[in-house]
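Report on one structure; see the data block that follows.
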2 protein chains.
Amino acid sequence: MSRSVIQDFPDRDHDHDSCIDDALARAETVCAARGERLTPQRRQVLELVWRSHRPVKAYDLLERLSRPGRRAAPPTVYRALDFLREAGLIHRLESLNAFIGCPRPDMRHSAQFLICTRCGAVAEMDDAALTAKIDANARRLGFKVDDEKIEVNGTCRECLARDAAG
Amino acid sequence: MSRSVIQDFPDRDHDHDSCIDDALARAETVCAARGERLTPQRRQVLELVWRSHRPVKAYDLLERLSRPGRRAAPPTVYRALDFLREAGLIHRLESLNAFIGCPRPDMRHSAQFLICTRCGAVAEMDDAALTAKIDANARRLGFKVDDEKIEVNGTCRECLARDAAG
DNA sequence: GACAAGCCTGTTATAGTATCACGCGAGCCG
DNA sequence: CGGCTCGCGTGATACTATAACAGGCTTGTC
């Protein structure tokens with residue numbers, strides 16, 4: 001039996017500070033379990049990614065890492081992003097060249113994203129049945145699946161409502 | 001009722017010349033139907049894309065467009081690629097920054113790709129049920145879907161067989 | 001403490017991908 | 001003709017990512 005988990009876009013009124021704290025706490029756990037170090041640098045990048053629930057660009061992170069008189073260089077942020085990605089703590093949105101925090105880094109899952117092209121909001125879904133179906137299709141061609149990415153462009157509920165109202 | 005179409009990786013022994021010819025003929029039809037012009041330049045880019053069944057990079061196309069003494073510039077190829085993409089004649093593989101010809105530009109479909117990370121071969125699948133499921137999931141969140149991209153990384157049958165043999 | 005090994009970070013340079021902005025010429029239509 | 005759109009050429013530039021090398025911190029061992 002396949003379990004279908006659907007998450008929603010983040011609630012506009014949620015407690016975002018604790019939301020970030022939770023993400024960082026989960027990250028500590030994940031890294032510990034993997035025997036890897038969530039260094040201050042990596043931690044800071046992860047926090048910056050979580051500062052918004054929107055996709056974040058590498059070079060935006062770079063700016064936020066920089067201080068007057070101390071300009072961070074690209075490898076700094078890319079190394080951190082690579083690390084976080086391998087640990088499953090963030091995802092890369094291929095169609096946007098951007099990154100976003102993963103809300104459930106603990107469970108292995110394939111990424112399925114709804115991306116609102118109007119406001120930039122992103123929802124991560126996790127439908128195991130969908131993954132299973134893709135796997136089945138692939139198997140019929142003798143193809144062994146490593147991982148899959150699903151990115152869906154469209155318009156979110158709020159933007160649709162705004163259109164209808166305005 | 002949802003129809004499920006699964007295509008395969010291109011046969012190694014198919015008649016590739018006529019395969020290209022067919023693609024160009026289909027392109028003429030599609031452009032005519034859309035009231036748009038498949039200019040020599042656009043046609044040439046499309047042909048270059050179809051020369052292989054592998055994903056092609058924009059700058060590779062650029063080189064192939066260039067002749068000694070006449071260096072093509074990026075906008076040349078990107079404009080053609082944008083046109084072809086809007087016409088549904090090619091797809092962009094987001095995870096590869098590469099482009100590939102669409103075998104069925106006539107029917108509107110969402111793209112689902114199996115990408116062999118070993119040999120670079122790509123199969124385009126078209127499973128309407130999968131699309132329907134994604135749409136249904138999105139609808140539950142009040143999300144209106146414009147288009148979706150599915151890119152699956154893994155190993156193709158041939159590469160698996162080669163591994164098993166060697 | 002001395003040392004080695006591995007990991008993490010800094011820095012400079014460069015590769016790779018894509019777009020902007022401007023202008024020109026061909027074709028169409030009034 | 002005059003004005004329009006479209007396709008294309010060109011030079012510059014923006015954006016995304018990696019290579020290559022050096023130094024420094026941490027840990028484990030003796």
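Each chain in the structure tokens gets a letter, A, B, ..., in the order shown, and its residues are numbered from 1; ligands are numbered from 1 in order too.
On the backbone of this structure, DSSP gives strand (DSSP E or B) within stretch 59-91 of chain A to Arg67, Arg70, Ile90 and His91 of chain A.
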Take the residues that were just selected and, keeping C-alpha atoms, output them as a PDB file, in the first residue's frame.
ATOM      1  CA  ARG A  67      29.882  41.784   5.154  1.00  0.00           C
ATOM      2  CA  ARG A  70      34.600  40.863   3.564  1.00  0.00           C
ATOM      3  CA  ILE A  90      17.779  21.317   0.912  1.00  0.00           C
ATOM      4  CA  HIS A  91      16.568  20.772  -2.619  1.00  0.00           C
TER       5      HIS A  91
END
Output as a Markdown table one row per residue of chain D within 9 Å of chain A: the closest atom pair and its distance in Å to one decimal place, counting only C-alpha atoms (C1' of nucleotides), sorted by chain and residue number ascending.
| residue | atom | partner | partner_atom | distance |
| --- | --- | --- | --- | --- |
| D:DC15 | C1' | A:Tyr59 | CA | 8.7 |
| D:DT16 | C1' | A:Asn97 | CA | 7.8 |
| D:DA17 | C1' | A:Tyr78 | CA | 8.0 |
| D:DT18 | C1' | A:Pro75 | CA | 8.0 |
For C-alpha atoms (C1' of nucleotides), I'd like the residues from the last selection saved as a JSON list (two decimals), in the first residue's frame.
[["chain", "number", "residue", "atom", "x", "y", "z"],
["D", 15, "DC", "C1'", 24.13, 35.16, -14.03],
["D", 16, "DT", "C1'", 25.52, 30.35, -12.50],
["D", 17, "DA", "C1'", 29.04, 27.20, -11.28],
["D", 18, "DT", "C1'", 33.64, 24.93, -10.94]]
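Of note, atom CA of B:Leu61 and atom CA of B:Leu48 are spaced 6.9 Å apart.
Here is the contact set of chain B against chain A, at 8 Å and counting only C-alpha atoms: Ile6, Asp8, Glu94, Ser95, Leu114, Leu130, Lys133, Ile134, Asn137, Ala138, Leu141, Gly142, Phe143, Lys144, Val145, Asp146, Asp147, Glu148, Lys149, Ile150, Glu151, Val152, Asn153, Gly154, Thr155, Cys156 and Arg157 of chain B.
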Same residues, C-alpha atoms, saved as a PDB file, in the first residue's frame:
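Result saved to out-v7.pdb:
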ATOM      1  CA  ILE B   6       5.247   4.883 -22.984  1.00  0.00           C
ATOM      2  CA  ASP B   8      11.335   3.799 -25.388  1.00  0.00           C
ATOM      3  CA  GLU B  94      16.449  21.474 -16.772  1.00  0.00           C
ATOM      4  CA  SER B  95      18.818  19.284 -14.855  1.00  0.00           C
ATOM      5  CA  LEU B 114      14.318   9.060 -18.281  1.00  0.00           C
ATOM      6  CA  LEU B 130       0.730  10.334 -14.156  1.00  0.00           C
ATOM      7  CA  LYS B 133      -2.453  12.325 -10.693  1.00  0.00           C
ATOM      8  CA  ILE B 134      -0.234  15.348 -10.387  1.00  0.00           C
ATOM      9  CA  ASN B 137      -2.814  16.504  -6.115  1.00  0.00           C
ATOM     10  CA  ALA B 138      -2.338  20.097  -7.140  1.00  0.00           C
ATOM     11  CA  LEU B 141      -4.218  22.565  -2.777  1.00  0.00           C
ATOM     12  CA  GLY B 142      -6.141  24.927  -5.024  1.00  0.00           C
ATOM     13  CA  PHE B 143      -3.175  25.112  -7.363  1.00  0.00           C
ATOM     14  CA  LYS B 144      -3.743  25.642 -11.068  1.00  0.00           C
ATOM     15  CA  VAL B 145      -1.217  23.704 -13.144  1.00  0.00           C
ATOM     16  CA  ASP B 146       0.299  25.244 -16.234  1.00  0.00           C
ATOM     17  CA  ASP B 147       2.929  22.672 -17.044  1.00  0.00           C
ATOM     18  CA  GLU B 148       5.095  20.146 -15.359  1.00  0.00           C
ATOM     19  CA  LYS B 149       8.493  18.612 -15.806  1.00  0.00           C
ATOM     20  CA  ILE B 150       9.578  15.197 -14.676  1.00  0.00           C
ATOM     21  CA  GLU B 151      13.212  14.247 -14.980  1.00  0.00           C
ATOM     22  CA  VAL B 152      14.302  10.838 -13.791  1.00  0.00           C
ATOM     23  CA  ASN B 153      17.959   9.994 -13.433  1.00  0.00           C
ATOM     24  CA  GLY B 154      19.140   6.422 -13.547  1.00  0.00           C
ATOM     25  CA  THR B 155      20.694   3.762 -15.712  1.00  0.00           C
ATOM     26  CA  CYS B 156      19.275   2.495 -18.986  1.00  0.00           C
ATOM     27  CA  ARG B 157      18.808  -1.123 -19.976  1.00  0.00           C
TER      28      ARG B 157
END
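Any residue of chain C with an atom no more than 9 Å from chain B counts as a contact; using only C-alpha atoms (C1' of nucleotides), that gives DG16, DT17, DA18 and DT19 of chain C.
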Notebook entry, point to check: What does the distance between atom CA of B:Ala25 and atom C1' of C:DC28 come to in Å, to one decimal place?
Noted result: 26.5 Å
Next item on the list: Determine, counting only C-alpha atoms (C1' of nucleotides), which protein, DNA and RNA residues have an atom within 12 Å of an atom of C:DC8; residues of the same chain fewer than 6 positions away are not included. Present the result as number ranges by chain.
Entry: A: 36-42, 76, 79-80, 83; D: 23-26
Applying 12 Å and only C-alpha atoms (C1' of nucleotides), which residues near C:DG30 remain after dropping the ones on its own chain fewer than 6 positions away? List them as an mmCIF file with N, CA and C atoms (P, O5', C5', C4', C3', O3' and C1' of nucleotides), in the first residue's frame.
data_model
loop_
_atom_site.group_PDB
_atom_site.id
_atom_site.type_symbol
_atom_site.label_atom_id
_atom_site.label_comp_id
_atom_site.auth_asym_id
_atom_site.auth_seq_id
_atom_site.Cartn_x
_atom_site.Cartn_y
_atom_site.Cartn_z
ATOM 1 P P DC D 1 9.645 54.950 -51.159
ATOM 2 O "O5'" DC D 1 9.463 56.457 -50.829
ATOM 3 C "C5'" DC D 1 8.508 57.182 -51.624
ATOM 4 C "C4'" DC D 1 7.333 57.536 -50.743
ATOM 5 C "C3'" DC D 1 7.622 57.492 -49.247
ATOM 6 O "O3'" DC D 1 7.192 58.705 -48.652
ATOM 7 C "C1'" DC D 1 5.689 56.170 -49.752
ATOM 8 P P DG D 2 7.877 59.184 -47.241
ATOM 9 O "O5'" DG D 2 7.016 58.423 -46.150
ATOM 10 C "C5'" DG D 2 5.644 58.762 -45.984
ATOM 11 C "C4'" DG D 2 5.066 57.958 -44.853
ATOM 12 C "C3'" DG D 2 5.998 57.794 -43.657
ATOM 13 O "O3'" DG D 2 5.213 57.982 -42.474
ATOM 14 C "C1'" DG D 2 5.351 55.650 -44.472
ATOM 15 P P DG D 3 5.908 57.905 -41.032
ATOM 16 O "O5'" DG D 3 5.326 56.530 -40.490
ATOM 17 C "C5'" DG D 3 3.919 56.289 -40.573
ATOM 18 C "C4'" DG D 3 3.646 54.851 -40.233
ATOM 19 C "C3'" DG D 3 4.380 54.366 -38.970
ATOM 20 O "O3'" DG D 3 3.453 53.663 -38.161
ATOM 21 C "C1'" DG D 3 4.793 52.897 -40.761
ATOM 22 P P DC D 4 3.846 53.297 -36.677
ATOM 23 O "O5'" DC D 4 3.870 51.706 -36.753
ATOM 24 C "C5'" DC D 4 2.726 51.008 -37.262
ATOM 25 C "C4'" DC D 4 3.112 49.585 -37.610
ATOM 26 C "C3'" DC D 4 4.042 48.930 -36.596
ATOM 27 O "O3'" DC D 4 3.271 48.189 -35.656
ATOM 28 C "C1'" DC D 4 4.635 48.403 -38.867
#
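Minimum atom-to-atom distances from A:Asp163, A:Pro55, A:Arg26, A:Glu63 to A:Arg43 were compared using only C-alpha atoms, and the lowest value belongs to A:Arg26.
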Note to self: Using DSSP assignments from the backbone, pull out every residue in stretch 17-149 of chain B that falls under helix (DSSP H, G or I) and give it to me as a count of residues only.
What the structure shows: 63
